[in-house]
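Q: Here it is, the structure, as structure tokens.
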Amino acid sequence: MDRPLDLLSMTPEELRDLFSSLGQPAYRAKQVFSAFSRGLSVGEISTLPKKLRDELAATYPDATPRIAEKHASALDGTVKYLLRLFDGNAVEAVLMRYEHGTTVCVSSQVGCAMGCAFCASTIGGRVRNLTAGEMVGEVAALARDAGERIDGIVIMGIGEPLDNYDNVLRFLRLVNRAEGLGIGYRHISLSTCGVVPKIYDLAKEDLPITLSISLHASDDARRSRIMPVNRKWDLDQLLNACAAYFDATGRRISFEYTLIAGENDTPDEAKRLAGLLKMYLPDRPLHVNLIRLNEVKETGYKTPDGEAARRFADTLNRLGVTATVRRRLGSDVNAACGQLRRQSAAKGGEGTV
Ligand code: SAH
């Protein structure tokens, strides 16, 4: 942990111990935990005695993120937020409305250390990890603003969640608590670029979340070029870890594959991908989500047209690998993840990039 635990990161049991040490009744713990999951900060919990609020505010940082910018799609109800953290840093979170409910996409770090060549989030490197409480605060801030119950979470915003393992695991357990947001593990997806040792650790946690692997290439030379993490843990190590994860949890593995024009979007590449997945994960249920690149000016990479994406999906499906082209929700507000934060920093909203 890179700084003292904030109140938002505490479980109801830890809060109970804290309040007990302050001579406060046990019911305060549930009161505060539930208020946090509704997006309130300590100062806003009017049922707490003022003296106690002041005492807590003086001792603990206010981890509740504040909405700095809000961009609502005119097309489909998607809302993209820039959230300001207590130390002036900013992250992005997105509210997405699907037929089966409302899902929030959260960031797990300020910036990212992984260096994927097409991604905006990693351009300034990793500034710091988010605490578990700050991630809870992202979900709660959006729930409060939208006035809606949140049904699902995807950890697919800024950052590499498996590079912030302990805080992310604590976050998963906090949002699952019935006294709080009460989000079922089956409605939570965690996306990783392939931090292999942590995939094995995650398999042992016995949480029925969906693991989503960012693949983006089907051979090591190409993958290492666009995803430096592959130089440390190659496709063989990654896909063996996926098989082990499936065998330990029984959960379907989901793959993300961002289509980049002229880089990884040819039918030959689709054939190689199908062969690779079938070789490492025979008879395992899996799914490939194809995402057309969101162009990031600084990278020079281009997005393929819809026809190339459909052809890629058709090739995979024909070869027995289930693939769908992801619907582009909020395409009118959908600056690629990480761009809102960079724009805000460029305007002087944040002094850390
Ligand atoms: N670090 C995690 C989660 C964050 S990104 C991971 O790598 O999985 C969520 C997904 O968006 C990843 O698959 C990532 O590779 C992809 N992505 C990043 N930048 C993108 C862009 N400009 N266009 C399309 N997809 C992108």
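Chain lettering (A, B, ...) mirrors the order of the structure tokens, residue numbering begins at 1 for each chain separately, and ligand numbering begins at 1 in order of display.
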Quick one: which chain A residues come within 9 Å of ligand 1, and what is the nearest atom pair for each with the distance in Å to one decimal, counting only C-alpha atoms and all ligand atoms, rows ordered by chain and ascending number, as CSV?
A:
residue,atom,partner,partner_atom_place_in_ligand_line,distance
A:Ser107,CA,ligand 1,4 (C),7.7
A:Ser108,CA,ligand 1,3 (C),8.4
A:Cys112,CA,ligand 1,1 (N),7.6
A:Met114,CA,ligand 1,1 (N),7.5
A:Cys116,CA,ligand 1,15 (O),7.2
A:Ala117,CA,ligand 1,19 (N),8.5
A:Phe118,CA,ligand 1,22 (N),5.4
A:Cys119,CA,ligand 1,19 (N),3.7
A:Ala120,CA,ligand 1,19 (N),6.1
A:Ser121,CA,ligand 1,19 (N),7.2
A:Thr122,CA,ligand 1,19 (N),8.9
A:Ile155,CA,ligand 1,3 (C),6.4
A:Met156,CA,ligand 1,4 (C),4.1
A:Gly157,CA,ligand 1,4 (C),5.0
A:Ile158,CA,ligand 1,4 (C),5.6
A:Gly159,CA,ligand 1,1 (N),5.1
A:Glu160,CA,ligand 1,1 (N),3.6
A:Pro161,CA,ligand 1,1 (N),6.3
A:Leu162,CA,ligand 1,1 (N),8.0
A:Asp163,CA,ligand 1,1 (N),8.6
A:Leu190,CA,ligand 1,3 (C),7.5
A:Ser191,CA,ligand 1,8 (O),4.1
A:Thr192,CA,ligand 1,8 (O),3.6
A:Cys193,CA,ligand 1,7 (O),3.7
A:Gly194,CA,ligand 1,7 (O),7.4
A:Ser212,CA,ligand 1,8 (O),7.0
A:Ile213,CA,ligand 1,8 (O),6.0
A:Ser214,CA,ligand 1,13 (O),4.2
A:Leu215,CA,ligand 1,13 (O),7.3
A:His216,CA,ligand 1,15 (O),7.2
A:Met227,CA,ligand 1,15 (O),8.6
A:Phe255,CA,ligand 1,13 (O),8.2
A:Glu256,CA,ligand 1,13 (O),5.2
A:Tyr257,CA,ligand 1,13 (O),6.5
A:Thr258,CA,ligand 1,25 (N),5.2
A:Leu259,CA,ligand 1,24 (C),7.6
A:Ile260,CA,ligand 1,23 (N),8.4
A:Ile291,CA,ligand 1,24 (C),6.0
A:Arg292,CA,ligand 1,24 (C),6.0
A:Leu293,CA,ligand 1,23 (N),3.7
A:Asn294,CA,ligand 1,23 (N),3.7
A:Glu295,CA,ligand 1,22 (N),5.4
A:Val296,CA,ligand 1,22 (N),5.7
A:Thr299,CA,ligand 1,22 (N),8.9
A:Tyr301,CA,ligand 1,22 (N),8.7
A:Thr303,CA,ligand 1,23 (N),8.3
A:Ala335,CA,ligand 1,22 (N),8.5
A:Ala336,CA,ligand 1,22 (N),5.0
A:Cys337,CA,ligand 1,19 (N),6.3
A:Gly338,CA,ligand 1,19 (N),8.1
Q: Since we have the selection now, will you write its residues out, keeping C-alpha atoms, as a PDB file, in the first residue's frame?
A:
ATOM      1  CA  SER A 107      -9.766   3.019 -13.662  1.00  0.00           C
ATOM      2  CA  SER A 108      -7.345   1.184 -11.382  1.00  0.00           C
ATOM      3  CA  CYS A 112      -0.136   3.038 -16.567  1.00  0.00           C
ATOM      4  CA  MET A 114       2.627  -1.177 -19.299  1.00  0.00           C
ATOM      5  CA  CYS A 116       1.057  -0.602 -24.990  1.00  0.00           C
ATOM      6  CA  ALA A 117       1.878   1.236 -28.204  1.00  0.00           C
ATOM      7  CA  PHE A 118      -1.706   2.163 -29.187  1.00  0.00           C
ATOM      8  CA  CYS A 119      -2.997   3.242 -25.771  1.00  0.00           C
ATOM      9  CA  ALA A 120      -3.413   6.794 -24.458  1.00  0.00           C
ATOM     10  CA  SER A 121      -3.409   5.834 -20.777  1.00  0.00           C
ATOM     11  CA  THR A 122       0.240   4.838 -20.720  1.00  0.00           C
ATOM     12  CA  ILE A 155     -12.051  -2.854 -14.660  1.00  0.00           C
ATOM     13  CA  MET A 156     -11.080  -1.629 -18.098  1.00  0.00           C
ATOM     14  CA  GLY A 157     -10.335   2.029 -17.527  1.00  0.00           C
ATOM     15  CA  ILE A 158      -6.927   3.630 -17.031  1.00  0.00           C
ATOM     16  CA  GLY A 159      -4.292   1.337 -15.522  1.00  0.00           C
ATOM     17  CA  GLU A 160      -3.340  -2.317 -15.299  1.00  0.00           C
ATOM     18  CA  PRO A 161      -5.366  -3.884 -12.468  1.00  0.00           C
ATOM     19  CA  LEU A 162      -2.940  -6.780 -11.939  1.00  0.00           C
ATOM     20  CA  ASP A 163      -0.162  -4.203 -11.431  1.00  0.00           C
ATOM     21  CA  LEU A 190     -11.195  -7.684 -14.839  1.00  0.00           C
ATOM     22  CA  SER A 191      -9.112  -6.955 -17.908  1.00  0.00           C
ATOM     23  CA  THR A 192      -5.353  -7.525 -18.020  1.00  0.00           C
ATOM     24  CA  CYS A 193      -2.624  -7.111 -20.610  1.00  0.00           C
ATOM     25  CA  GLY A 194      -1.088 -10.347 -19.277  1.00  0.00           C
ATOM     26  CA  SER A 212     -10.557 -10.759 -19.766  1.00  0.00           C
ATOM     27  CA  ILE A 213      -7.224 -10.962 -21.572  1.00  0.00           C
ATOM     28  CA  SER A 214      -6.022  -8.219 -23.906  1.00  0.00           C
ATOM     29  CA  LEU A 215      -4.424 -10.261 -26.679  1.00  0.00           C
ATOM     30  CA  HIS A 216      -4.223  -7.997 -29.741  1.00  0.00           C
ATOM     31  CA  MET A 227       2.617  -4.764 -26.033  1.00  0.00           C
ATOM     32  CA  PHE A 255     -10.271 -12.195 -24.944  1.00  0.00           C
ATOM     33  CA  GLU A 256     -10.088  -8.642 -26.145  1.00  0.00           C
ATOM     34  CA  TYR A 257      -8.577  -7.996 -29.506  1.00  0.00           C
ATOM     35  CA  THR A 258      -8.200  -4.395 -30.646  1.00  0.00           C
ATOM     36  CA  LEU A 259      -8.147  -4.247 -34.426  1.00  0.00           C
ATOM     37  CA  ILE A 260      -5.464  -1.921 -35.799  1.00  0.00           C
ATOM     38  CA  ILE A 291     -12.732  -3.734 -30.696  1.00  0.00           C
ATOM     39  CA  ARG A 292     -11.974  -1.323 -33.499  1.00  0.00           C
ATOM     40  CA  LEU A 293      -9.121   0.910 -32.389  1.00  0.00           C
ATOM     41  CA  ASN A 294     -10.025   4.280 -30.926  1.00  0.00           C
ATOM     42  CA  GLU A 295      -7.438   6.414 -32.633  1.00  0.00           C
ATOM     43  CA  VAL A 296      -4.944   8.170 -30.387  1.00  0.00           C
ATOM     44  CA  THR A 299       0.474   6.851 -31.685  1.00  0.00           C
ATOM     45  CA  TYR A 301      -2.157   3.882 -35.490  1.00  0.00           C
ATOM     46  CA  THR A 303      -8.652   2.070 -37.085  1.00  0.00           C
ATOM     47  CA  ALA A 335     -12.428   9.661 -26.742  1.00  0.00           C
ATOM     48  CA  ALA A 336     -10.151   6.631 -26.239  1.00  0.00           C
ATOM     49  CA  CYS A 337      -9.623   5.802 -22.617  1.00  0.00           C
ATOM     50  CA  GLY A 338      -6.983   8.062 -21.125  1.00  0.00           C
TER      51      GLY A 338
END
Q: Can you tell me which residues surround range 164-174 of chain A at a distance of at most 9 Å, considering only C-alpha atoms, apart from same-chain residues fewer than 4 positions away, and format the answer as a list of chain:residue names?
A: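 Counting only C-alpha atoms, the residues come to A:Met1, A:Ser9, A:Met10, A:Thr11, A:Pro12, A:Ser108, A:Gln109, A:Asn129, A:Leu130, A:Thr131, A:Ala132, A:Gly133, A:Glu134, A:Met135, A:Val136, A:Gly159, A:Glu160, A:Gly180, A:Leu181, A:Gly182, A:Ile183, A:Tyr185, A:Ile188, A:Lys198, A:Leu202, A:Glu205, A:Leu207.
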Q: Output the selection as a tab-separated table (two decimals), in the first residue's frame - N, CA, C and O atoms for each residue.
A:
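Listed below is the output, part28.tsv:
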chain	number	residue	atom	x	y	z
A	1	MET	N	0.86	-1.20	0.00
A	1	MET	CA	0.00	0.00	0.00
A	1	MET	C	0.88	1.24	0.00
A	1	MET	O	1.82	1.31	0.78
A	9	SER	N	-11.55	2.68	1.96
A	9	SER	CA	-10.93	1.37	1.67
A	9	SER	C	-11.24	0.35	2.74
A	9	SER	O	-10.85	-0.81	2.63
A	10	MET	N	-11.90	0.76	3.82
A	10	MET	CA	-12.09	-0.15	4.95
A	10	MET	C	-13.33	-1.01	4.80
A	10	MET	O	-14.36	-0.56	4.29
A	11	THR	N	-13.21	-2.24	5.28
A	11	THR	CA	-14.38	-3.13	5.33
A	11	THR	C	-15.27	-2.70	6.51
A	11	THR	O	-14.80	-1.99	7.42
A	12	PRO	N	-16.53	-3.15	6.54
A	12	PRO	CA	-17.37	-2.83	7.70
A	12	PRO	C	-16.72	-3.28	9.02
A	12	PRO	O	-16.84	-2.59	10.03
A	108	SER	N	-7.99	1.79	-12.54
A	108	SER	CA	-7.34	1.18	-11.38
A	108	SER	C	-6.03	1.87	-11.00
A	108	SER	O	-5.49	1.64	-9.92
A	109	GLN	N	-5.51	2.71	-11.89
A	109	GLN	CA	-4.28	3.45	-11.59
A	109	GLN	C	-4.37	4.84	-12.23
A	109	GLN	O	-5.15	5.04	-13.17
A	129	ASN	N	-0.86	4.12	-7.91
A	129	ASN	CA	-2.00	3.20	-7.80
A	129	ASN	C	-3.19	3.92	-7.19
A	129	ASN	O	-3.01	4.82	-6.37
A	130	LEU	N	-4.38	3.50	-7.55
A	130	LEU	CA	-5.56	3.94	-6.80
A	130	LEU	C	-5.71	3.03	-5.59
A	130	LEU	O	-5.37	1.84	-5.64
A	131	THR	N	-6.25	3.57	-4.51
A	131	THR	CA	-6.58	2.72	-3.37
A	131	THR	C	-7.90	2.01	-3.69
A	131	THR	O	-8.64	2.41	-4.59
A	132	ALA	N	-8.18	0.96	-2.92
A	132	ALA	CA	-9.45	0.26	-3.10
A	132	ALA	C	-10.61	1.24	-2.93
A	132	ALA	O	-11.59	1.21	-3.67
A	133	GLY	N	-10.47	2.12	-1.94
A	133	GLY	CA	-11.53	3.07	-1.64
A	133	GLY	C	-11.77	4.04	-2.78
A	133	GLY	O	-12.92	4.43	-3.05
A	134	GLU	N	-10.70	4.48	-3.42
A	134	GLU	CA	-10.88	5.40	-4.54
A	134	GLU	C	-11.64	4.71	-5.68
A	134	GLU	O	-12.45	5.33	-6.37
A	135	MET	N	-11.39	3.41	-5.87
A	135	MET	CA	-12.13	2.68	-6.92
A	135	MET	C	-13.60	2.51	-6.52
A	135	MET	O	-14.49	2.70	-7.34
A	136	VAL	N	-13.85	2.20	-5.25
A	136	VAL	CA	-15.24	2.16	-4.77
A	136	VAL	C	-15.88	3.53	-5.01
A	136	VAL	O	-17.02	3.63	-5.48
A	159	GLY	N	-5.09	2.14	-16.46
A	159	GLY	CA	-4.29	1.34	-15.52
A	159	GLY	C	-4.35	-0.15	-15.79
A	159	GLY	O	-5.21	-0.64	-16.51
A	160	GLU	N	-3.39	-0.86	-15.19
A	160	GLU	CA	-3.34	-2.32	-15.30
A	160	GLU	C	-3.72	-2.88	-13.92
A	160	GLU	O	-2.92	-2.78	-12.97
A	180	GLY	N	-23.09	-2.61	1.15
A	180	GLY	CA	-22.63	-1.53	0.28
A	180	GLY	C	-23.28	-1.62	-1.09
A	180	GLY	O	-24.50	-1.68	-1.21
A	181	LEU	N	-22.45	-1.71	-2.13
A	181	LEU	CA	-22.99	-1.71	-3.50
A	181	LEU	C	-23.61	-3.05	-3.89
A	181	LEU	O	-24.43	-3.11	-4.79
A	182	GLY	N	-23.20	-4.13	-3.22
A	182	GLY	CA	-23.83	-5.44	-3.44
A	182	GLY	C	-23.76	-5.93	-4.87
A	182	GLY	O	-24.73	-6.47	-5.40
A	183	ILE	N	-22.62	-5.76	-5.50
A	183	ILE	CA	-22.48	-6.18	-6.90
A	183	ILE	C	-21.93	-7.60	-6.97
A	183	ILE	O	-20.88	-7.90	-6.40
A	185	TYR	N	-20.14	-11.00	-8.04
A	185	TYR	CA	-18.86	-11.24	-8.73
A	185	TYR	C	-19.06	-11.62	-10.19
A	185	TYR	O	-18.24	-11.32	-11.04
A	188	ILE	N	-18.80	-8.85	-12.64
A	188	ILE	CA	-17.56	-8.06	-12.63
A	188	ILE	C	-16.55	-8.69	-13.58
A	188	ILE	O	-16.32	-9.90	-13.54
A	198	LYS	N	0.31	-12.97	-11.68
A	198	LYS	CA	-0.89	-12.51	-10.97
A	198	LYS	C	-2.15	-13.23	-11.46
A	198	LYS	O	-3.16	-13.28	-10.75
A	202	LEU	N	-4.71	-14.86	-8.97
A	202	LEU	CA	-6.15	-14.59	-9.05
A	202	LEU	C	-6.96	-15.88	-9.09
A	202	LEU	O	-8.03	-15.99	-8.49
A	205	GLU	N	-7.92	-17.13	-5.72
A	205	GLU	CA	-8.77	-16.31	-4.85
A	205	GLU	C	-10.20	-16.85	-4.76
A	205	GLU	O	-10.97	-16.43	-3.90
A	207	LEU	N	-12.83	-16.28	-6.69
A	207	LEU	CA	-13.86	-15.27	-6.95
A	207	LEU	C	-14.40	-15.52	-8.36
A	207	LEU	O	-13.62	-15.54	-9.31
Q: Give me, as a count of residues only, the residues of range 144-347 of chain A that a backbone DSSP run labels alpha helix (DSSP H).
A: 85
Q: As an MDAnalysis selection string, please: every residue in range 35-204 of chain A that a backbone DSSP assignment puts in strand (DSSP E or B).
A: chainID A and resid 66:72 79:84 90:98 101:105 109:111 126:129 152:155 188:192
Q: How far is it from CA of Gly250 in chain A to CA of Leu273 in chain A, in Å with one decimal?
A: 22.2 Å
